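Structure below is model.txt: compact mmCIF, C-alpha atoms.
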```txt
# COMPACT_ATOMS: atom_id res chain seq x y z
CA MET A 149 5.92 -12.65 -8.08
CA LEU A 150 3.83 -10.83 -10.70
CA ILE A 151 0.46 -12.11 -11.91
CA LEU A 152 0.17 -11.73 -15.68
CA GLY A 153 -2.96 -13.78 -16.33
CA SER A 154 -5.57 -15.42 -14.11
CA ASN A 155 -8.46 -16.74 -16.19
CA SER A 156 -9.27 -20.25 -17.39
CA ALA A 157 -10.11 -21.36 -20.93
CA ALA A 158 -11.06 -18.00 -22.48
CA PHE A 159 -10.25 -14.32 -22.15
CA ALA A 160 -13.15 -12.65 -20.34
CA HIS A 161 -13.92 -9.70 -18.06
CA ARG A 162 -10.46 -8.24 -18.70
CA ARG A 163 -8.87 -11.37 -17.30
CA HIS A 164 -6.27 -13.22 -19.35
CA HIS A 165 -4.91 -16.74 -19.60
CA THR A 166 -2.60 -18.17 -16.94
CA ALA A 167 0.89 -16.71 -16.68
CA GLN A 168 3.08 -15.62 -13.79
CA LEU A 169 6.52 -14.11 -13.49
CA PHE A 170 8.46 -15.36 -10.48
CA LYS A 171 11.74 -13.65 -9.55
CA LEU A 172 14.11 -15.66 -7.41
CA GLN A 173 17.55 -14.32 -6.46
CA ASP A 174 17.91 -12.36 -9.72
CA GLN A 175 16.64 -15.26 -11.81
CA HIS A 176 13.31 -14.83 -13.60
CA PHE A 177 10.93 -17.75 -14.14
CA LEU A 178 7.90 -17.51 -16.41
CA ILE A 179 5.29 -20.00 -15.17
CA ASP A 180 2.87 -20.88 -17.97
CA CYS A 181 2.41 -18.73 -21.05
CA GLY A 182 -1.19 -18.36 -22.14
CA GLU A 183 -2.19 -16.42 -25.23
CA GLY A 184 -1.27 -12.75 -24.97
CA THR A 185 1.38 -13.22 -22.28
CA GLN A 186 4.00 -11.14 -24.09
CA LEU A 187 1.51 -8.25 -24.45
CA LEU A 188 0.88 -8.36 -20.71
CA MET A 189 4.61 -8.42 -20.07
CA LYS A 190 4.92 -5.25 -22.12
CA ARG A 191 2.04 -3.68 -20.18
CA TYR A 192 3.76 -4.39 -16.87
CA LYS A 193 7.23 -3.43 -18.15
CA VAL A 194 8.78 -6.89 -17.94
CA LYS A 195 11.97 -7.20 -20.01
CA LEU A 196 11.98 -10.35 -22.14
CA SER A 197 15.77 -10.52 -21.93
CA ARG A 198 15.59 -11.26 -18.21
CA ILE A 199 13.65 -14.49 -18.63
CA ASP A 200 15.98 -17.48 -18.71
CA HIS A 201 13.53 -20.16 -17.50
CA ILE A 202 10.01 -21.02 -18.68
CA LEU A 203 7.94 -23.64 -16.88
CA ILE A 204 4.85 -24.98 -18.65
CA SER A 205 2.33 -26.96 -16.61
CA HIS A 206 0.44 -28.80 -19.38
CA LEU A 207 -0.69 -28.74 -22.98
CA HIS A 208 -4.10 -27.11 -22.70
CA GLY A 209 -4.02 -24.00 -24.83
CA ASP A 210 -4.79 -21.48 -22.11
CA HIS A 211 -1.46 -22.41 -20.52
CA TYR A 212 0.93 -22.40 -23.49
CA PHE A 213 -0.58 -20.89 -26.66
CA GLY A 214 1.44 -17.71 -26.10
CA LEU A 215 4.75 -19.58 -26.04
CA ILE A 216 5.66 -19.71 -29.74
CA GLY A 217 4.91 -16.01 -30.08
CA LEU A 218 7.07 -15.17 -27.09
CA LEU A 219 9.97 -17.27 -28.37
CA SER A 220 9.65 -15.67 -31.80
CA THR A 221 9.80 -12.19 -30.29
CA MET A 222 12.89 -13.14 -28.28
CA HIS A 223 14.46 -14.29 -31.56
CA LEU A 224 13.52 -11.06 -33.37
CA PHE A 225 15.00 -9.04 -30.51
CA GLY A 226 18.33 -10.82 -31.05
CA ARG A 227 18.45 -13.02 -27.99
CA LYS A 228 21.62 -15.15 -27.74
CA LYS A 229 21.40 -16.58 -24.22
CA GLU A 230 20.30 -20.15 -23.67
CA LEU A 231 16.74 -20.64 -22.41
CA LEU A 232 15.61 -23.48 -20.16
CA LEU A 233 12.15 -24.74 -21.09
CA VAL A 234 10.51 -27.27 -18.76
CA GLY A 235 7.23 -28.87 -19.75
CA PRO A 236 5.27 -32.03 -20.48
CA PRO A 237 6.08 -34.64 -23.13
CA GLY A 238 5.06 -33.36 -26.55
CA LEU A 239 5.89 -29.70 -26.02
CA LYS A 240 9.26 -29.95 -27.75
CA GLU A 241 7.69 -31.67 -30.76
CA ILE A 242 4.98 -28.99 -31.03
CA LEU A 243 7.48 -26.13 -31.00
CA GLN A 244 9.83 -27.83 -33.44
CA LEU A 245 6.93 -28.33 -35.86
CA GLN A 246 5.89 -24.68 -35.60
CA LEU A 247 9.44 -23.48 -36.16
CA ARG A 248 10.00 -25.88 -39.07
CA TYR A 249 6.93 -24.78 -41.04
CA SER A 250 7.61 -21.11 -40.41
CA GLU A 251 11.22 -21.72 -41.56
CA THR A 252 12.52 -20.17 -38.37
CA SER A 253 15.90 -20.98 -36.89
CA LEU A 254 16.18 -19.34 -33.49
CA ASN A 255 19.23 -17.27 -32.63
CA PHE A 256 19.39 -18.90 -29.21
CA HIS A 257 19.48 -22.44 -27.88
CA ILE A 258 16.51 -23.88 -26.01
CA ARG A 259 17.39 -26.53 -23.45
CA PHE A 260 14.27 -28.69 -23.28
CA LEU A 261 13.52 -30.67 -20.15
CA GLU A 262 10.46 -32.89 -20.10
CA PHE A 263 9.02 -33.59 -16.68
CA THR A 264 7.93 -37.13 -15.88
CA PRO A 265 4.12 -37.26 -15.60
CA GLY A 266 2.93 -38.50 -12.23
CA GLU A 267 6.26 -38.01 -10.50
CA SER A 268 7.85 -35.33 -8.35
CA GLU A 269 11.40 -34.52 -9.41
CA VAL A 270 13.92 -31.70 -9.18
CA VAL A 271 14.09 -29.96 -12.56
CA TYR A 272 16.34 -27.05 -11.61
CA GLU A 273 18.82 -26.51 -8.81
CA THR A 274 21.33 -23.92 -7.71
CA PRO A 275 23.45 -23.80 -4.54
CA LYS A 276 20.65 -21.76 -2.95
CA PHE A 277 17.33 -23.20 -4.15
CA THR A 278 15.54 -26.01 -5.97
CA VAL A 279 12.58 -26.21 -8.34
CA THR A 280 10.60 -29.45 -8.04
CA THR A 281 7.65 -30.69 -10.07
CA LEU A 282 4.34 -31.45 -8.36
CA PRO A 283 2.18 -33.98 -10.25
CA MET A 284 -1.35 -32.66 -10.73
CA ASP A 285 -4.54 -34.66 -11.33
CA HIS A 286 -5.89 -33.30 -14.62
CA ARG A 287 -7.21 -34.63 -17.93
CA VAL A 288 -3.76 -34.50 -19.55
CA PRO A 289 -0.27 -34.81 -18.04
CA CYS A 290 0.07 -31.76 -15.81
CA SER A 291 2.53 -30.53 -13.23
CA GLY A 292 2.76 -27.78 -10.68
CA TYR A 293 6.07 -26.43 -9.40
CA LEU A 294 7.58 -26.02 -5.94
CA PHE A 295 10.29 -23.41 -5.33
CA GLN A 296 12.27 -24.02 -2.15
CA GLU A 297 15.14 -22.02 -0.78
CA LYS A 298 17.75 -24.26 0.80
CA PRO A 299 18.52 -23.85 4.53
CA LYS A 300 20.59 -20.75 5.11
CA LYS A 301 23.79 -20.56 7.09
CA ARG A 302 23.98 -19.33 10.65
CA ARG A 303 24.59 -15.62 11.18
CA ILE A 304 27.54 -14.17 13.04
CA ASN A 305 26.49 -12.29 16.18
CA ARG A 306 28.27 -9.00 15.57
CA ASN A 307 27.76 -7.97 19.19
CA LYS A 308 30.09 -10.80 20.27
CA LEU A 309 32.89 -10.19 17.78
CA PRO A 310 34.73 -7.46 19.74
CA GLU A 311 35.17 -9.97 22.58
CA VAL A 312 36.99 -12.60 20.52
CA GLN A 313 39.59 -12.85 17.78
CA LEU A 314 38.37 -14.76 14.77
CA SER A 315 40.08 -15.61 11.50
CA ASN A 316 38.21 -15.74 8.20
CA LEU A 317 38.32 -19.53 8.42
CA ASP A 318 36.80 -19.36 11.91
CA ILE A 319 33.91 -17.25 10.58
CA ILE A 320 33.28 -19.74 7.74
CA ARG A 321 33.17 -22.59 10.25
CA LEU A 322 30.83 -20.73 12.54
CA LYS A 323 28.42 -20.05 9.69
CA GLU A 324 28.44 -23.77 8.94
CA GLY A 325 27.39 -24.46 12.54
CA GLU A 326 30.75 -25.70 13.77
CA ASP A 327 32.46 -24.88 17.06
CA ILE A 328 35.92 -23.27 17.02
CA LEU A 329 38.49 -25.72 18.37
CA GLU A 330 41.88 -25.41 20.01
CA ALA A 331 44.88 -27.20 18.51
CA ASP A 332 44.34 -30.09 20.90
CA GLY A 333 40.74 -30.53 19.79
CA SER A 334 39.09 -28.92 22.79
CA VAL A 335 36.34 -26.33 22.26
CA LYS A 336 37.62 -22.78 22.17
CA TYR A 337 34.35 -21.05 21.24
CA LYS A 338 30.92 -22.65 21.19
CA ASN A 339 29.03 -21.93 18.01
CA LYS A 340 25.77 -20.89 19.64
CA LEU A 341 27.52 -18.28 21.77
CA LEU A 342 28.81 -16.44 18.69
CA THR A 343 26.06 -16.98 16.14
CA LEU A 344 22.37 -16.41 15.58
CA ASP A 345 19.85 -18.74 13.98
CA PRO A 346 19.67 -18.60 10.16
CA ASN A 347 17.13 -16.36 8.51
CA PRO A 348 14.04 -18.36 7.51
CA SER A 349 14.00 -19.93 4.06
CA PHE A 350 11.09 -19.25 1.69
CA SER A 351 8.95 -21.56 -0.38
CA TYR A 352 6.33 -21.12 -3.11
CA ALA A 353 4.05 -23.78 -4.57
CA PHE A 354 2.21 -23.38 -7.87
CA PHE A 355 -0.77 -25.73 -8.32
CA SER A 356 -1.97 -25.66 -11.90
CA ASP A 357 -5.20 -27.24 -13.20
CA THR A 358 -6.06 -30.15 -10.92
CA LYS A 359 -8.44 -31.97 -8.69
CA LEU A 360 -7.43 -31.93 -5.04
CA ARG A 361 -4.08 -33.58 -4.42
CA PRO A 362 -3.99 -34.74 -0.77
CA GLU A 363 -0.95 -36.86 -1.62
CA LEU A 364 1.13 -33.70 -2.03
CA LYS A 365 0.47 -32.22 1.40
CA PRO A 366 3.71 -33.58 2.88
CA LEU A 367 5.66 -31.88 0.08
CA ILE A 368 4.06 -28.45 0.44
CA GLU A 369 3.18 -28.36 4.14
CA GLY A 370 4.05 -24.98 5.64
CA VAL A 371 4.98 -23.25 2.37
CA ASN A 372 4.98 -19.48 2.65
CA LEU A 373 2.81 -18.96 -0.43
CA LEU A 374 0.51 -21.33 -2.30
CA TYR A 375 -1.10 -20.57 -5.64
CA HIS A 376 -4.00 -22.92 -6.22
CA GLU A 377 -6.48 -23.04 -9.06
CA ALA A 378 -10.07 -22.25 -8.04
CA THR A 379 -11.98 -22.47 -11.29
CA PHE A 380 -15.41 -22.64 -9.67
CA ALA A 381 -17.30 -21.75 -6.52
CA ASN A 382 -18.59 -24.67 -4.49
CA ASP A 383 -22.07 -24.65 -6.03
CA MET A 384 -20.31 -25.91 -9.19
CA LYS A 385 -18.50 -28.71 -7.36
CA ASP A 386 -19.90 -31.41 -9.64
CA ARG A 387 -18.72 -29.47 -12.67
CA ALA A 388 -15.28 -29.12 -11.07
CA ILE A 389 -15.07 -32.88 -10.59
CA GLN A 390 -16.13 -33.56 -14.18
CA THR A 391 -13.52 -31.18 -15.60
CA TYR A 392 -10.71 -32.08 -13.18
CA HIS A 393 -10.72 -28.74 -11.42
CA THR A 394 -11.07 -27.39 -7.88
CA THR A 395 -13.49 -25.09 -6.09
CA ALA A 396 -12.47 -22.10 -3.98
CA GLU A 397 -13.70 -23.79 -0.82
CA GLN A 398 -11.73 -26.93 -1.57
CA ALA A 399 -8.55 -24.95 -2.24
CA ALA A 400 -8.97 -22.99 0.98
CA GLN A 401 -9.52 -26.15 3.03
CA TYR A 402 -6.44 -27.65 1.42
CA ALA A 403 -4.38 -24.57 2.34
CA LYS A 404 -5.65 -24.72 5.90
CA GLU A 405 -4.80 -28.40 6.31
CA ALA A 406 -1.36 -27.90 4.75
CA LYS A 407 -0.67 -25.00 7.15
CA VAL A 408 0.48 -22.66 4.38
CA GLY A 409 1.23 -19.02 5.05
CA ARG A 410 -0.85 -17.37 2.31
CA LEU A 411 -3.14 -18.63 -0.42
CA ILE A 412 -3.59 -17.12 -3.88
CA LEU A 413 -6.52 -18.26 -6.00
CA GLY A 414 -6.57 -18.16 -9.80
CA HIS A 415 -7.71 -19.84 -13.03
CA PHE A 416 -11.21 -18.41 -12.78
CA SER A 417 -14.05 -19.61 -14.98
CA ALA A 418 -15.40 -17.04 -17.44
CA ARG A 419 -18.84 -17.57 -15.91
CA TYR A 420 -17.74 -15.30 -13.03
CA LYS A 421 -17.76 -11.67 -14.09
CA GLU A 422 -17.24 -10.66 -10.48
CA LEU A 423 -15.05 -12.77 -8.23
CA ASP A 424 -16.81 -12.12 -4.92
CA PRO A 425 -18.24 -15.66 -4.79
CA ILE A 426 -14.73 -17.08 -5.12
CA ILE A 427 -12.93 -14.95 -2.55
CA ASN A 428 -15.77 -14.92 -0.01
CA GLU A 429 -16.10 -18.68 -0.13
CA ALA A 430 -12.38 -19.18 0.40
CA LYS A 431 -11.98 -16.60 3.17
CA ALA A 432 -14.74 -18.30 5.15
CA VAL A 433 -12.36 -21.26 5.45
CA PHE A 434 -8.89 -19.71 5.19
CA ASP A 435 -8.81 -15.98 5.85
CA ASN A 436 -5.33 -15.29 4.50
CA THR A 437 -6.50 -15.69 0.91
CA GLU A 438 -6.07 -13.32 -2.03
CA LEU A 439 -7.00 -13.31 -5.71
CA ALA A 440 -4.55 -13.58 -8.59
CA ILE A 441 -5.53 -10.36 -10.35
CA GLU A 442 -3.50 -9.18 -13.35
CA GLY A 443 -0.75 -6.79 -12.32
CA THR A 444 -0.80 -7.85 -8.66
CA LYS A 445 2.58 -8.49 -7.03
CA PHE A 446 3.20 -10.91 -4.18
CA THR A 447 6.36 -11.22 -2.10
CA VAL A 448 7.70 -14.51 -0.78
CA ASP A 449 10.28 -13.70 1.87
CA GLY A 450 10.24 -16.62 4.30
CA LYS A 451 8.48 -14.65 7.00
```

Would you mind writing the structure in this file as structure tokens?
Amino acid sequence: MLILGSNSAAFAHRRHHTAQLFKLQDQHFLIDCGEGTQLLMKRYKVKLSRIDHILISHLHGDHYFGLIGLLSTMHLFGRKKELLLVGPPGLKEILQLQLRYSETSLNFHIRFLEFTPGESEVVYETPKFTVTTLPMDHRVPCSGYLFQEKPKKRRINRNKLPEVQLSNLDIIRLKEGEDILEADGSVKYKNKLLTLDPNPSFSYAFFSDTKLRPELKPLIEGVNLLYHEATFANDMKDRAIQTYHTTAEQAAQYAKEAKVGRLILGHFSARYKELDPIINEAKAVFDNTELAIEGTKFTVDGK
């Protein structure tokens, strides 16, 4: 995962509006697209042609004002591949209006998918992973996203193979967790004697602008990596409540209670030129916390 932008509301202190690039099994997801996202993608050598999925959290400008520019550039570069665009109700209408009045007919098809505000639903699925919406508590319909790798198959214990004769069908059955049977139905080889446990599956949760969402803990408990907005330090807690945001301390406590692996904080208020108050406050509660700084890469590997 590559952080492209990490600030809230306005560009300040060399920090840009929210945007992340998440690579998952050779598929590239752009999560939010604040103003200037395509310039940051060029800075960090991200190829526009690789992006086939864009996920927009909500219709506040710092999360999607860069979208029409990005789509226009894809068009000018001759894109032909279909693009999946997931976002809140109203996004499709906004883009269609912009394209109509600029008399632009895109070279490629956009498959729009509106998430249902207030609900958690699978919006993308492959045989290996799912992408699920996470309803946020913000001033407008807003959603986070949960990426979950499906359980992997068991692994063949190569050290045991010289001792037995297995067909390709036997190996497939072993990977599925089945025993190998004789013709009469009796067990010929027990699965656990010839296989190893599956490699761990990974998970990543993206929490966009929101108040705390204790209702979502069962959905994200134990995720490997959690991105959570932390617009303010705790001395601005009242301001966070008024604006439907979260403090660094609150996000860290949430990560601790949800037993996540690592926490990334972002969406910083422009009032913070330096981010020491944010990171120090969070680490006092949940030590395995890092900041979403532009250009920073994070790996989610299930470990």

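Between atom CA of A:Tyr337 and atom CA of A:Lys276 lies a distance of 27.8 Å.
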
### Task
May I have the protein, DNA and RNA residues with an atom at most 12 Å from (0.4, -22.0, -3.9), counting only C-alpha atoms in the file's coordinates, returned as a ChimeraX atom specification?
/A:149,282,292-295,351-356,364-365,367-378,399-400,402-404,406-414,437-440,446,448

### Task
Just the residues within 9 Å of A:Phe416, please, counting all atoms listed in the file, with nothing from its chain fewer than 4 positions along; format it as number ranges by chain.
A: 154-157, 163, 377-380, 420, 423, 426

### Point (19.0, -17.7, -29.1) neighbourhood (10 Å, only C-alpha atoms) written as a PyMOL selection string
chain A and resi 219-220+222-231+253-258

### Task
Please measure the separation of atom CA of A:Asp332 and atom CA of A:Leu317, giving the value in Å to one decimal.
17.4 Å

### Task
Quote the spacing between atom CA of A:Leu322 and atom CA of A:Asn339 in Å to one decimal place.
5.9 Å

### Message
Taking all atoms listed in the file into account, name the residue in A:Gly182, A:Pro283, A:Pro362, A:Pro425 that is nearest to A:Asn382.
### Response
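Nearest to A:Asn382: A:Pro425.
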
#### Entry: Nearest residue to A:Tyr212 from the set A:Ala381, A:Leu243, A:Ile199, A:Leu342 (distances using only C-alpha atoms)
A:Leu243

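Taking all atoms listed in the file into account, A:His165 lies nearest to A:His415 out of the set A:Lys193, A:Lys336, A:His415, A:Lys240.
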
### Message
Let me make sure I understand: among A:Ser197, A:Gln168, A:Thr343, A:Ser334, which one has the smallest atom-to-atom distance to A:Thr185 if we use all atoms listed in the file?
### Response
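When distances to A:Thr185 are compared using all atoms listed in the file, the smallest one comes from A:Gln168.
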
Assuming the input is short of atoms at stretch 389-413 of chain A, produce N, CA and C atoms for that part as a PDB file, in the frame of the given file.
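The resulting file, part.pdb, is reproduced below:
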```pdb
ATOM      1  N   ILE A 389     -15.481 -31.475 -10.558  1.00  0.00           N
ATOM      2  CA  ILE A 389     -15.070 -32.880 -10.590  1.00  0.00           C
ATOM      3  C   ILE A 389     -15.022 -33.394 -12.015  1.00  0.00           C
ATOM      4  N   GLN A 390     -16.045 -33.077 -12.799  1.00  0.00           N
ATOM      5  CA  GLN A 390     -16.130 -33.560 -14.180  1.00  0.00           C
ATOM      6  C   GLN A 390     -14.976 -33.051 -15.035  1.00  0.00           C
ATOM      7  N   THR A 391     -14.552 -31.817 -14.771  1.00  0.00           N
ATOM      8  CA  THR A 391     -13.520 -31.180 -15.600  1.00  0.00           C
ATOM      9  C   THR A 391     -12.134 -31.223 -14.965  1.00  0.00           C
ATOM     10  N   TYR A 392     -11.994 -31.949 -13.875  1.00  0.00           N
ATOM     11  CA  TYR A 392     -10.710 -32.080 -13.180  1.00  0.00           C
ATOM     12  C   TYR A 392     -10.186 -30.729 -12.692  1.00  0.00           C
ATOM     13  N   HIS A 393     -11.084 -30.018 -12.004  1.00  0.00           N
ATOM     14  CA  HIS A 393     -10.720 -28.740 -11.420  1.00  0.00           C
ATOM     15  C   HIS A 393     -11.067 -28.712  -9.931  1.00  0.00           C
ATOM     16  N   THR A 394     -10.893 -27.556  -9.317  1.00  0.00           N
ATOM     17  CA  THR A 394     -11.070 -27.390  -7.880  1.00  0.00           C
ATOM     18  C   THR A 394     -11.970 -26.201  -7.606  1.00  0.00           C
ATOM     19  N   THR A 395     -12.687 -26.238  -6.506  1.00  0.00           N
ATOM     20  CA  THR A 395     -13.490 -25.090  -6.090  1.00  0.00           C
ATOM     21  C   THR A 395     -12.691 -24.233  -5.110  1.00  0.00           C
ATOM     22  N   ALA A 396     -13.143 -23.008  -4.914  1.00  0.00           N
ATOM     23  CA  ALA A 396     -12.470 -22.100  -3.980  1.00  0.00           C
ATOM     24  C   ALA A 396     -12.490 -22.654  -2.564  1.00  0.00           C
ATOM     25  N   GLU A 397     -13.617 -23.223  -2.165  1.00  0.00           N
ATOM     26  CA  GLU A 397     -13.700 -23.790  -0.820  1.00  0.00           C
ATOM     27  C   GLU A 397     -12.747 -24.956  -0.636  1.00  0.00           C
ATOM     28  N   GLN A 398     -12.653 -25.804  -1.642  1.00  0.00           N
ATOM     29  CA  GLN A 398     -11.730 -26.930  -1.570  1.00  0.00           C
ATOM     30  C   GLN A 398     -10.284 -26.464  -1.462  1.00  0.00           C
ATOM     31  N   ALA A 399      -9.923 -25.473  -2.275  1.00  0.00           N
ATOM     32  CA  ALA A 399      -8.550 -24.950  -2.240  1.00  0.00           C
ATOM     33  C   ALA A 399      -8.235 -24.342  -0.885  1.00  0.00           C
ATOM     34  N   ALA A 400      -9.188 -23.612  -0.322  1.00  0.00           N
ATOM     35  CA  ALA A 400      -8.970 -22.990   0.980  1.00  0.00           C
ATOM     36  C   ALA A 400      -8.820 -24.039   2.083  1.00  0.00           C
ATOM     37  N   GLN A 401      -9.632 -25.074   2.038  1.00  0.00           N
ATOM     38  CA  GLN A 401      -9.520 -26.150   3.030  1.00  0.00           C
ATOM     39  C   GLN A 401      -8.180 -26.854   2.900  1.00  0.00           C
ATOM     40  N   TYR A 402      -7.740 -27.028   1.680  1.00  0.00           N
ATOM     41  CA  TYR A 402      -6.440 -27.650   1.420  1.00  0.00           C
ATOM     42  C   TYR A 402      -5.311 -26.797   2.011  1.00  0.00           C
ATOM     43  N   ALA A 403      -5.389 -25.479   1.795  1.00  0.00           N
ATOM     44  CA  ALA A 403      -4.380 -24.570   2.340  1.00  0.00           C
ATOM     45  C   ALA A 403      -4.374 -24.609   3.864  1.00  0.00           C
ATOM     46  N   LYS A 404      -5.536 -24.664   4.437  1.00  0.00           N
ATOM     47  CA  LYS A 404      -5.650 -24.720   5.900  1.00  0.00           C
ATOM     48  C   LYS A 404      -5.020 -25.993   6.440  1.00  0.00           C
ATOM     49  N   GLU A 405      -5.327 -27.120   5.840  1.00  0.00           N
ATOM     50  CA  GLU A 405      -4.800 -28.400   6.310  1.00  0.00           C
ATOM     51  C   GLU A 405      -3.295 -28.506   6.093  1.00  0.00           C
ATOM     52  N   ALA A 406      -2.800 -27.869   5.032  1.00  0.00           N
ATOM     53  CA  ALA A 406      -1.360 -27.900   4.750  1.00  0.00           C
ATOM     54  C   ALA A 406      -0.587 -26.839   5.518  1.00  0.00           C
ATOM     55  N   LYS A 407      -1.298 -26.020   6.289  1.00  0.00           N
ATOM     56  CA  LYS A 407      -0.670 -25.000   7.150  1.00  0.00           C
ATOM     57  C   LYS A 407       0.218 -24.046   6.345  1.00  0.00           C
ATOM     58  N   VAL A 408      -0.299 -23.594   5.194  1.00  0.00           N
ATOM     59  CA  VAL A 408       0.480 -22.660   4.380  1.00  0.00           C
ATOM     60  C   VAL A 408       0.351 -21.252   4.961  1.00  0.00           C
ATOM     61  N   GLY A 409       1.268 -20.380   4.552  1.00  0.00           N
ATOM     62  CA  GLY A 409       1.230 -19.020   5.050  1.00  0.00           C
ATOM     63  C   GLY A 409       0.127 -18.184   4.411  1.00  0.00           C
ATOM     64  N   ARG A 410       0.154 -18.127   3.064  1.00  0.00           N
ATOM     65  CA  ARG A 410      -0.850 -17.370   2.310  1.00  0.00           C
ATOM     66  C   ARG A 410      -1.322 -18.199   1.130  1.00  0.00           C
ATOM     67  N   LEU A 411      -2.545 -17.937   0.712  1.00  0.00           N
ATOM     68  CA  LEU A 411      -3.140 -18.630  -0.420  1.00  0.00           C
ATOM     69  C   LEU A 411      -3.530 -17.622  -1.493  1.00  0.00           C
ATOM     70  N   ILE A 412      -3.164 -17.916  -2.737  1.00  0.00           N
ATOM     71  CA  ILE A 412      -3.590 -17.120  -3.880  1.00  0.00           C
ATOM     72  C   ILE A 412      -4.456 -18.005  -4.763  1.00  0.00           C
ATOM     73  N   LEU A 413      -5.617 -17.513  -5.136  1.00  0.00           N
ATOM     74  CA  LEU A 413      -6.520 -18.260  -6.000  1.00  0.00           C
ATOM     75  C   LEU A 413      -6.498 -17.703  -7.416  1.00  0.00           C
TER      76      LEU A 413
END
```
